[in-house]
Amino acid sequence: MQLDVISIFPDYLAPLDLSLIGKARRDGLIDLRVHDLRDFTHDRHRTVDDTPYGGGAGMVMKPQPWSEALDHVAAQSDSRPVLIVPGPGGQRFDQATARDLAAQSHLVFACGRYEGIDERVYDYAARDFDVRILSLGDYVLNGGDVAVLAMVEAIARLIPGVIGNADSLVEESHEDGLLEYPVYTKPADWHGRRVPEVLLSGDHAKIAAWRHAQRLTRTAARRPDLLPAAAAMSAGDLEIRL
Ligand SMILES: N#Cc1c(-c2ccc3ccn(Cc4ccc(CN5CCCC5)cc4)c3c2)n[nH]c1N
């Protein structure tokens, strides 16, 4: 998969050189390129923002640098990329979104800052991109960079080979609508707190049943809003024993 990120803070994306995503890049599973938006300016101050028409607080990102950056990325694509623009007013980014985007061949992320990007850029981008405005959640960040870090990680880990053990992707929170079960490791007795005996039993059927029950209990306690969708995903055989 080809991923391009455009930002005025390229160093914000440095964590994508680390851990499993970094290894996937080195292994050639992911071709991730980060572009500095200021490289597409032409004034001595490398200006990317200006005051908003109509007044109001803050600054707005100028359209010209974005148009040139997007043209540059589109010219290097052999498909019609998906352009993801994080924003507080976007559609919610969730696991289903991550799965859908992980199936795409070329993703481009536009990291806005200030009060956002000039609205005309979205229309301009629609010529060469499938434009999606996505939000991490109902709170306000200072820019799109942190959102892109989260989105890239959520998407990239679904690409075959990125997560060594594909079993890790099963029974994850939100994969089938339920939250994850509790996990334990050695020692079996830690400060007088024992690991549930069933997990030491070696009875894999009992362990699987216990873990599923834990997922149901946790989801009912923490995210009851997820239960209807989870029931639909499991074709109605979801029996909630609390
Ligand atoms: N994903 C995601 C996000 C973001 C996000 C993503 C991208 C950018 C680029 C700039 N900002 C800052 C900002 C702050 C307030 C406003 C609203 N203002 C009201 C009057 C004019 C604008 C617009 C932008 C961003 C925030 N926040 N929360 C999420 N879940």
# chains A, B, ... in the order shown; residues from 1 in each chain; ligands from 1

$ residues_near_ligand --ligand "ligand 1" --cutoff "9 Å" --atoms "only C-alpha atoms and all ligand atoms" --output "ChimeraX atom specification"
/A:56-58,60,85-90,92-93,110-117,133-148,151

$ write_last_selection --atoms "C-alpha atoms" --output "tab-separated table (two decimals), in the first residue's frame"
chain	number	residue	atom	x	y	z
A	56	GLY	CA	-13.29	35.37	13.06
A	57	ALA	CA	-10.47	34.12	15.25
A	58	GLY	CA	-7.43	32.30	13.98
A	60	VAL	CA	-7.04	29.55	7.55
A	85	VAL	CA	-8.77	14.94	5.55
A	86	PRO	CA	-9.14	14.69	9.34
A	87	GLY	CA	-11.47	17.29	10.82
A	88	PRO	CA	-13.68	17.76	13.90
A	89	GLY	CA	-16.70	17.89	11.63
A	90	GLY	CA	-15.90	14.71	9.74
A	92	ARG	CA	-16.58	9.15	12.51
A	93	PHE	CA	-13.43	7.07	11.84
A	110	ALA	CA	-3.93	15.96	4.52
A	111	CYS	CA	-2.98	17.23	7.98
A	112	GLY	CA	-4.69	20.56	8.46
A	113	ARG	CA	-3.81	23.09	11.13
A	114	TYR	CA	-5.07	26.49	12.34
A	115	GLU	CA	-8.87	26.77	11.81
A	116	GLY	CA	-8.77	24.42	8.86
A	117	ILE	CA	-8.10	24.32	5.12
A	133	ILE	CA	-13.41	14.03	5.76
A	134	LEU	CA	-13.02	11.91	8.89
A	135	SER	CA	-13.04	12.61	12.63
A	136	LEU	CA	-11.43	10.62	15.44
A	137	GLY	CA	-14.10	11.64	17.90
A	138	ASP	CA	-16.18	14.40	19.44
A	139	TYR	CA	-13.40	16.52	20.91
A	140	VAL	CA	-11.18	19.20	19.39
A	141	LEU	CA	-7.50	18.74	18.52
A	142	ASN	CA	-5.15	21.46	17.28
A	143	GLY	CA	-4.59	19.80	13.95
A	144	GLY	CA	-4.87	16.66	11.88
A	145	ASP	CA	-1.40	15.19	12.56
A	146	VAL	CA	-2.30	13.27	15.73
A	147	ALA	CA	-5.44	11.97	14.01
A	148	VAL	CA	-3.38	10.76	11.04
A	151	MET	CA	-5.67	6.40	11.52

$ residues_around --residues "Arg80 in chain A" --least-positions-apart "5" --cutoff "8 Å" --atoms "only C-alpha atoms" --output "list in words"
Ala74, His106, Asp128, Phe129 and Asp130 of chain A

$ residues_around --residues "His174 in chain A" --least-positions-apart "3" --cutoff "12 Å" --atoms "only C-alpha atoms" --output "PDB file with all heavy atoms, in the first residue's frame"
ATOM      1  N   ASP A  94     -13.944   4.727  12.352  1.00  0.00           N
ATOM      2  CA  ASP A  94     -14.068   3.586  13.278  1.00  0.00           C
ATOM      3  C   ASP A  94     -13.431   2.351  12.636  1.00  0.00           C
ATOM      4  O   ASP A  94     -12.811   2.442  11.573  1.00  0.00           O
ATOM      5  CB  ASP A  94     -15.533   3.347  13.664  1.00  0.00           C
ATOM      6  CG  ASP A  94     -16.388   3.044  12.438  1.00  0.00           C
ATOM      7  OD1 ASP A  94     -15.822   2.760  11.354  1.00  0.00           O
ATOM      8  OD2 ASP A  94     -17.632   3.097  12.558  1.00  0.00           O
ATOM      9  N   GLN A  95     -13.594   1.210  13.281  1.00  0.00           N
ATOM     10  CA  GLN A  95     -12.907   0.007  12.788  1.00  0.00           C
ATOM     11  C   GLN A  95     -13.389  -0.371  11.388  1.00  0.00           C
ATOM     12  O   GLN A  95     -12.605  -0.824  10.548  1.00  0.00           O
ATOM     13  CB  GLN A  95     -13.119  -1.160  13.763  1.00  0.00           C
ATOM     14  CG  GLN A  95     -12.234  -2.367  13.494  1.00  0.00           C
ATOM     15  CD  GLN A  95     -10.743  -2.109  13.711  1.00  0.00           C
ATOM     16  OE1 GLN A  95     -10.364  -1.126  14.351  1.00  0.00           O
ATOM     17  NE2 GLN A  95      -9.907  -2.977  13.187  1.00  0.00           N
ATOM     18  N   ALA A  96     -14.663  -0.144  11.121  1.00  0.00           N
ATOM     19  CA  ALA A  96     -15.183  -0.455   9.781  1.00  0.00           C
ATOM     20  C   ALA A  96     -14.527   0.456   8.739  1.00  0.00           C
ATOM     21  O   ALA A  96     -14.188   0.020   7.635  1.00  0.00           O
ATOM     22  CB  ALA A  96     -16.689  -0.274   9.768  1.00  0.00           C
ATOM     23  N   THR A  97     -14.308   1.723   9.114  1.00  0.00           N
ATOM     24  CA  THR A  97     -13.618   2.663   8.218  1.00  0.00           C
ATOM     25  C   THR A  97     -12.195   2.187   7.981  1.00  0.00           C
ATOM     26  O   THR A  97     -11.703   2.177   6.858  1.00  0.00           O
ATOM     27  CB  THR A  97     -13.567   4.072   8.842  1.00  0.00           C
ATOM     28  OG1 THR A  97     -14.821   4.400   9.425  1.00  0.00           O
ATOM     29  CG2 THR A  97     -13.174   5.118   7.812  1.00  0.00           C
ATOM     30  N   ALA A  98     -11.531   1.766   9.056  1.00  0.00           N
ATOM     31  CA  ALA A  98     -10.146   1.289   8.938  1.00  0.00           C
ATOM     32  C   ALA A  98     -10.068   0.086   8.003  1.00  0.00           C
ATOM     33  O   ALA A  98      -9.190  -0.017   7.143  1.00  0.00           O
ATOM     34  CB  ALA A  98      -9.588   0.937  10.315  1.00  0.00           C
ATOM     35  N   ARG A  99     -11.042  -0.829   8.148  1.00  0.00           N
ATOM     36  CA  ARG A  99     -11.048  -2.021   7.288  1.00  0.00           C
ATOM     37  C   ARG A  99     -11.243  -1.624   5.821  1.00  0.00           C
ATOM     38  O   ARG A  99     -10.567  -2.136   4.934  1.00  0.00           O
ATOM     39  CB  ARG A  99     -12.182  -2.966   7.718  1.00  0.00           C
ATOM     40  CG  ARG A  99     -11.830  -3.907   8.865  1.00  0.00           C
ATOM     41  CD  ARG A  99     -12.786  -5.079   8.927  1.00  0.00           C
ATOM     42  NE  ARG A  99     -14.160  -4.632   9.164  1.00  0.00           N
ATOM     43  CZ  ARG A  99     -14.694  -4.468  10.383  1.00  0.00           C
ATOM     44  NH1 ARG A  99     -13.957  -4.711  11.453  1.00  0.00           N
ATOM     45  NH2 ARG A  99     -15.929  -4.058  10.552  1.00  0.00           N
ATOM     46  N   ALA A 154      -4.222   2.317  12.778  1.00  0.00           N
ATOM     47  CA  ALA A 154      -5.413   1.452  12.749  1.00  0.00           C
ATOM     48  C   ALA A 154      -5.573   0.767  11.386  1.00  0.00           C
ATOM     49  O   ALA A 154      -5.987  -0.400  11.307  1.00  0.00           O
ATOM     50  CB  ALA A 154      -6.651   2.284  13.063  1.00  0.00           C
ATOM     51  N   LEU A 169      -5.643 -10.266  15.374  1.00  0.00           N
ATOM     52  CA  LEU A 169      -6.673  -9.371  14.835  1.00  0.00           C
ATOM     53  C   LEU A 169      -8.076  -9.919  15.077  1.00  0.00           C
ATOM     54  O   LEU A 169      -9.060  -9.238  14.851  1.00  0.00           O
ATOM     55  CB  LEU A 169      -6.453  -9.176  13.326  1.00  0.00           C
ATOM     56  CG  LEU A 169      -5.135  -8.505  12.936  1.00  0.00           C
ATOM     57  CD1 LEU A 169      -5.000  -8.461  11.426  1.00  0.00           C
ATOM     58  CD2 LEU A 169      -5.051  -7.100  13.523  1.00  0.00           C
ATOM     59  N   VAL A 170      -8.115 -11.185  15.543  1.00  0.00           N
ATOM     60  CA  VAL A 170      -9.433 -11.772  15.808  1.00  0.00           C
ATOM     61  C   VAL A 170      -9.796 -11.476  17.261  1.00  0.00           C
ATOM     62  O   VAL A 170      -8.935 -11.315  18.105  1.00  0.00           O
ATOM     63  CB  VAL A 170      -9.389 -13.296  15.570  1.00  0.00           C
ATOM     64  CG1 VAL A 170     -10.763 -13.919  15.801  1.00  0.00           C
ATOM     65  CG2 VAL A 170      -8.894 -13.578  14.156  1.00  0.00           C
ATOM     66  N   GLU A 171     -11.068 -11.374  17.556  1.00  0.00           N
ATOM     67  CA  GLU A 171     -11.559 -11.125  18.918  1.00  0.00           C
ATOM     68  C   GLU A 171     -10.962  -9.847  19.498  1.00  0.00           C
ATOM     69  O   GLU A 171     -10.704  -9.743  20.693  1.00  0.00           O
ATOM     70  CB  GLU A 171     -11.243 -12.316  19.846  1.00  0.00           C
ATOM     71  CG  GLU A 171     -12.140 -13.495  19.597  1.00  0.00           C
ATOM     72  CD  GLU A 171     -12.047 -14.538  20.713  1.00  0.00           C
ATOM     73  OE1 GLU A 171     -10.957 -14.687  21.291  1.00  0.00           O
ATOM     74  OE2 GLU A 171     -13.070 -15.143  21.025  1.00  0.00           O
ATOM     75  N   GLY A 177     -17.725  -6.217  17.144  1.00  0.00           N
ATOM     76  CA  GLY A 177     -18.684  -5.417  17.880  1.00  0.00           C
ATOM     77  C   GLY A 177     -18.570  -5.518  19.381  1.00  0.00           C
ATOM     78  O   GLY A 177     -19.200  -4.752  20.108  1.00  0.00           O
ATOM     79  N   LEU A 178     -17.769  -6.475  19.874  1.00  0.00           N
ATOM     80  CA  LEU A 178     -17.613  -6.630  21.328  1.00  0.00           C
ATOM     81  C   LEU A 178     -16.253  -6.119  21.785  1.00  0.00           C
ATOM     82  O   LEU A 178     -15.289  -6.140  21.015  1.00  0.00           O
ATOM     83  CB  LEU A 178     -17.754  -8.108  21.714  1.00  0.00           C
ATOM     84  CG  LEU A 178     -19.133  -8.752  21.527  1.00  0.00           C
ATOM     85  CD1 LEU A 178     -19.052 -10.238  21.869  1.00  0.00           C
ATOM     86  CD2 LEU A 178     -20.191  -8.049  22.349  1.00  0.00           C
ATOM     87  N   LEU A 179     -16.151  -5.702  23.023  1.00  0.00           N
ATOM     88  CA  LEU A 179     -14.856  -5.288  23.583  1.00  0.00           C
ATOM     89  C   LEU A 179     -13.992  -6.516  23.850  1.00  0.00           C
ATOM     90  O   LEU A 179     -14.491  -7.642  23.874  1.00  0.00           O
ATOM     91  CB  LEU A 179     -15.078  -4.500  24.877  1.00  0.00           C
ATOM     92  CG  LEU A 179     -15.933  -3.226  24.753  1.00  0.00           C
ATOM     93  CD1 LEU A 179     -15.992  -2.508  26.080  1.00  0.00           C
ATOM     94  CD2 LEU A 179     -15.417  -2.322  23.650  1.00  0.00           C
ATOM     95  N   GLU A 180     -12.715  -6.277  24.081  1.00  0.00           N
ATOM     96  CA  GLU A 180     -11.771  -7.404  24.240  1.00  0.00           C
ATOM     97  C   GLU A 180     -11.883  -8.025  25.636  1.00  0.00           C
ATOM     98  O   GLU A 180     -12.369  -7.398  26.576  1.00  0.00           O
ATOM     99  CB  GLU A 180     -10.336  -6.929  24.015  1.00  0.00           C
ATOM    100  CG  GLU A 180      -9.696  -6.127  25.139  1.00  0.00           C
ATOM    101  CD  GLU A 180     -10.153  -4.680  25.145  1.00  0.00           C
ATOM    102  OE1 GLU A 180     -11.045  -4.314  24.358  1.00  0.00           O
ATOM    103  OE2 GLU A 180      -9.651  -3.938  26.002  1.00  0.00           O
ATOM    104  N   TYR A 181     -11.440  -9.278  25.748  1.00  0.00           N
ATOM    105  CA  TYR A 181     -11.437  -9.960  27.054  1.00  0.00           C
ATOM    106  C   TYR A 181     -10.177  -9.546  27.832  1.00  0.00           C
ATOM    107  O   TYR A 181      -9.210  -9.064  27.245  1.00  0.00           O
ATOM    108  CB  TYR A 181     -11.490 -11.495  26.888  1.00  0.00           C
ATOM    109  CG  TYR A 181     -10.442 -12.091  25.980  1.00  0.00           C
ATOM    110  CD1 TYR A 181      -9.111 -12.201  26.377  1.00  0.00           C
ATOM    111  CD2 TYR A 181     -10.786 -12.565  24.700  1.00  0.00           C
ATOM    112  CE1 TYR A 181      -8.156 -12.734  25.541  1.00  0.00           C
ATOM    113  CE2 TYR A 181      -9.827 -13.110  23.865  1.00  0.00           C
ATOM    114  CZ  TYR A 181      -8.522 -13.201  24.287  1.00  0.00           C
ATOM    115  OH  TYR A 181      -7.557 -13.731  23.458  1.00  0.00           O
ATOM    116  N   ARG A 215     -16.155 -10.841  27.378  1.00  0.00           N
ATOM    117  CA  ARG A 215     -16.349  -9.794  26.366  1.00  0.00           C
ATOM    118  C   ARG A 215     -17.774  -9.256  26.426  1.00  0.00           C
ATOM    119  O   ARG A 215     -18.002  -8.041  26.359  1.00  0.00           O
ATOM    120  CB  ARG A 215     -16.032 -10.339  24.975  1.00  0.00           C
ATOM    121  CG  ARG A 215     -14.595 -10.784  24.793  1.00  0.00           C
ATOM    122  CD  ARG A 215     -14.335 -11.248  23.376  1.00  0.00           C
ATOM    123  NE  ARG A 215     -14.324 -10.105  22.466  1.00  0.00           N
ATOM    124  CZ  ARG A 215     -14.556 -10.201  21.157  1.00  0.00           C
ATOM    125  NH1 ARG A 215     -14.845 -11.382  20.621  1.00  0.00           N
ATOM    126  NH2 ARG A 215     -14.517  -9.141  20.389  1.00  0.00           N
ATOM    127  N   THR A 219     -18.675  -5.454  27.544  1.00  0.00           N
ATOM    128  CA  THR A 219     -19.368  -4.591  26.584  1.00  0.00           C
ATOM    129  C   THR A 219     -20.656  -4.069  27.192  1.00  0.00           C
ATOM    130  O   THR A 219     -20.968  -2.874  27.108  1.00  0.00           O
ATOM    131  CB  THR A 219     -19.655  -5.365  25.288  1.00  0.00           C
ATOM    132  OG1 THR A 219     -18.423  -5.921  24.790  1.00  0.00           O
ATOM    133  CG2 THR A 219     -20.257  -4.440  24.234  1.00  0.00           C
ATOM    134  N   ARG A 223     -19.864  -0.375  27.230  1.00  0.00           N
ATOM    135  CA  ARG A 223     -20.349   0.132  25.937  1.00  0.00           C
ATOM    136  C   ARG A 223     -21.621  -0.582  25.535  1.00  0.00           C
ATOM    137  O   ARG A 223     -21.709  -1.219  24.495  1.00  0.00           O
ATOM    138  CB  ARG A 223     -19.262  -0.063  24.875  1.00  0.00           C
ATOM    139  CG  ARG A 223     -18.022   0.835  25.010  1.00  0.00           C
ATOM    140  CD  ARG A 223     -18.332   2.296  24.768  1.00  0.00           C
ATOM    141  NE  ARG A 223     -18.969   2.526  23.473  1.00  0.00           N
ATOM    142  CZ  ARG A 223     -18.292   2.666  22.328  1.00  0.00           C
ATOM    143  NH1 ARG A 223     -16.980   2.547  22.302  1.00  0.00           N
ATOM    144  NH2 ARG A 223     -18.946   2.896  21.200  1.00  0.00           N
ATOM    145  N   ASP A 225     -24.020   0.507  24.131  1.00  0.00           N
ATOM    146  CA  ASP A 225     -24.444   0.981  22.803  1.00  0.00           C
ATOM    147  C   ASP A 225     -23.953   0.075  21.680  1.00  0.00           C
ATOM    148  O   ASP A 225     -24.517   0.073  20.587  1.00  0.00           O
ATOM    149  CB  ASP A 225     -23.923   2.405  22.569  1.00  0.00           C
ATOM    150  CG  ASP A 225     -22.400   2.494  22.660  1.00  0.00           C
ATOM    151  OD1 ASP A 225     -21.874   2.253  23.761  1.00  0.00           O
ATOM    152  OD2 ASP A 225     -21.751   2.751  21.629  1.00  0.00           O
ATOM    153  N   LEU A 226     -22.916  -0.726  21.966  1.00  0.00           N
ATOM    154  CA  LEU A 226     -22.361  -1.605  20.918  1.00  0.00           C
ATOM    155  C   LEU A 226     -23.135  -2.915  20.795  1.00  0.00           C
ATOM    156  O   LEU A 226     -23.005  -3.626  19.793  1.00  0.00           O
ATOM    157  CB  LEU A 226     -20.892  -1.929  21.233  1.00  0.00           C
ATOM    158  CG  LEU A 226     -19.895  -0.775  21.194  1.00  0.00           C
ATOM    159  CD1 LEU A 226     -18.506  -1.273  21.591  1.00  0.00           C
ATOM    160  CD2 LEU A 226     -19.844  -0.143  19.803  1.00  0.00           C
ATOM    161  N   LEU A 227     -23.942  -3.249  21.790  1.00  0.00           N
ATOM    162  CA  LEU A 227     -24.554  -4.594  21.812  1.00  0.00           C
ATOM    163  C   LEU A 227     -25.483  -4.860  20.630  1.00  0.00           C
ATOM    164  O   LEU A 227     -25.397  -5.911  20.003  1.00  0.00           O
ATOM    165  CB  LEU A 227     -25.264  -4.815  23.147  1.00  0.00           C
ATOM    166  CG  LEU A 227     -24.311  -5.021  24.342  1.00  0.00           C
ATOM    167  CD1 LEU A 227     -25.100  -5.143  25.634  1.00  0.00           C
ATOM    168  CD2 LEU A 227     -23.430  -6.253  24.122  1.00  0.00           C
ATOM    169  N   ALA A 229     -25.407  -3.811  17.540  1.00  0.00           N
ATOM    170  CA  ALA A 229     -24.624  -4.094  16.321  1.00  0.00           C
ATOM    171  C   ALA A 229     -23.900  -5.428  16.456  1.00  0.00           C
ATOM    172  O   ALA A 229     -23.810  -6.208  15.514  1.00  0.00           O
ATOM    173  CB  ALA A 229     -23.612  -2.974  16.087  1.00  0.00           C
ATOM    174  N   ALA A 230     -23.429  -5.712  17.668  1.00  0.00           N
ATOM    175  CA  ALA A 230     -22.714  -6.985  17.885  1.00  0.00           C
ATOM    176  C   ALA A 230     -23.670  -8.151  17.680  1.00  0.00           C
ATOM    177  O   ALA A 230     -23.324  -9.163  17.066  1.00  0.00           O
ATOM    178  CB  ALA A 230     -22.122  -7.015  19.297  1.00  0.00           C
ATOM    179  N   MET A 233     -24.142  -8.638  14.044  1.00  0.00           N
ATOM    180  CA  MET A 233     -22.964  -9.256  13.414  1.00  0.00           C
ATOM    181  C   MET A 233     -22.917 -10.753  13.679  1.00  0.00           C
ATOM    182  O   MET A 233     -22.472 -11.547  12.864  1.00  0.00           O
ATOM    183  CB  MET A 233     -21.680  -8.618  13.976  1.00  0.00           C
ATOM    184  CG  MET A 233     -21.310  -7.309  13.343  1.00  0.00           C
ATOM    185  SD  MET A 233     -19.632  -6.871  13.879  1.00  0.00           S
ATOM    186  CE  MET A 233     -19.809  -5.105  13.976  1.00  0.00           C
TER     187      MET A 233
END

$ select_by_dssp --residues "range 136-212 of chain A" --states "strand (DSSP E or B)" --output "PyMOL selection string"
chain A and resi 189-190+193-194

$ atom_distance --atom1 "CA of Arg194 in chain A" --atom2 "CA of Glu175 in chain A"
29.0 Å

$ closest_residue --among "A:Pro182, A:Asp123, A:Asp100, A:Asp27" --to "Thr217 in chain A" --atoms "only C-alpha atoms"
A:Pro182

$ residues_around --residues "Trp66 in chain A" --least-positions-apart "5" --cutoff "8 Å" --atoms "only C-alpha atoms" --output "PyMOL selection string"
chain A and resi 37+40+121
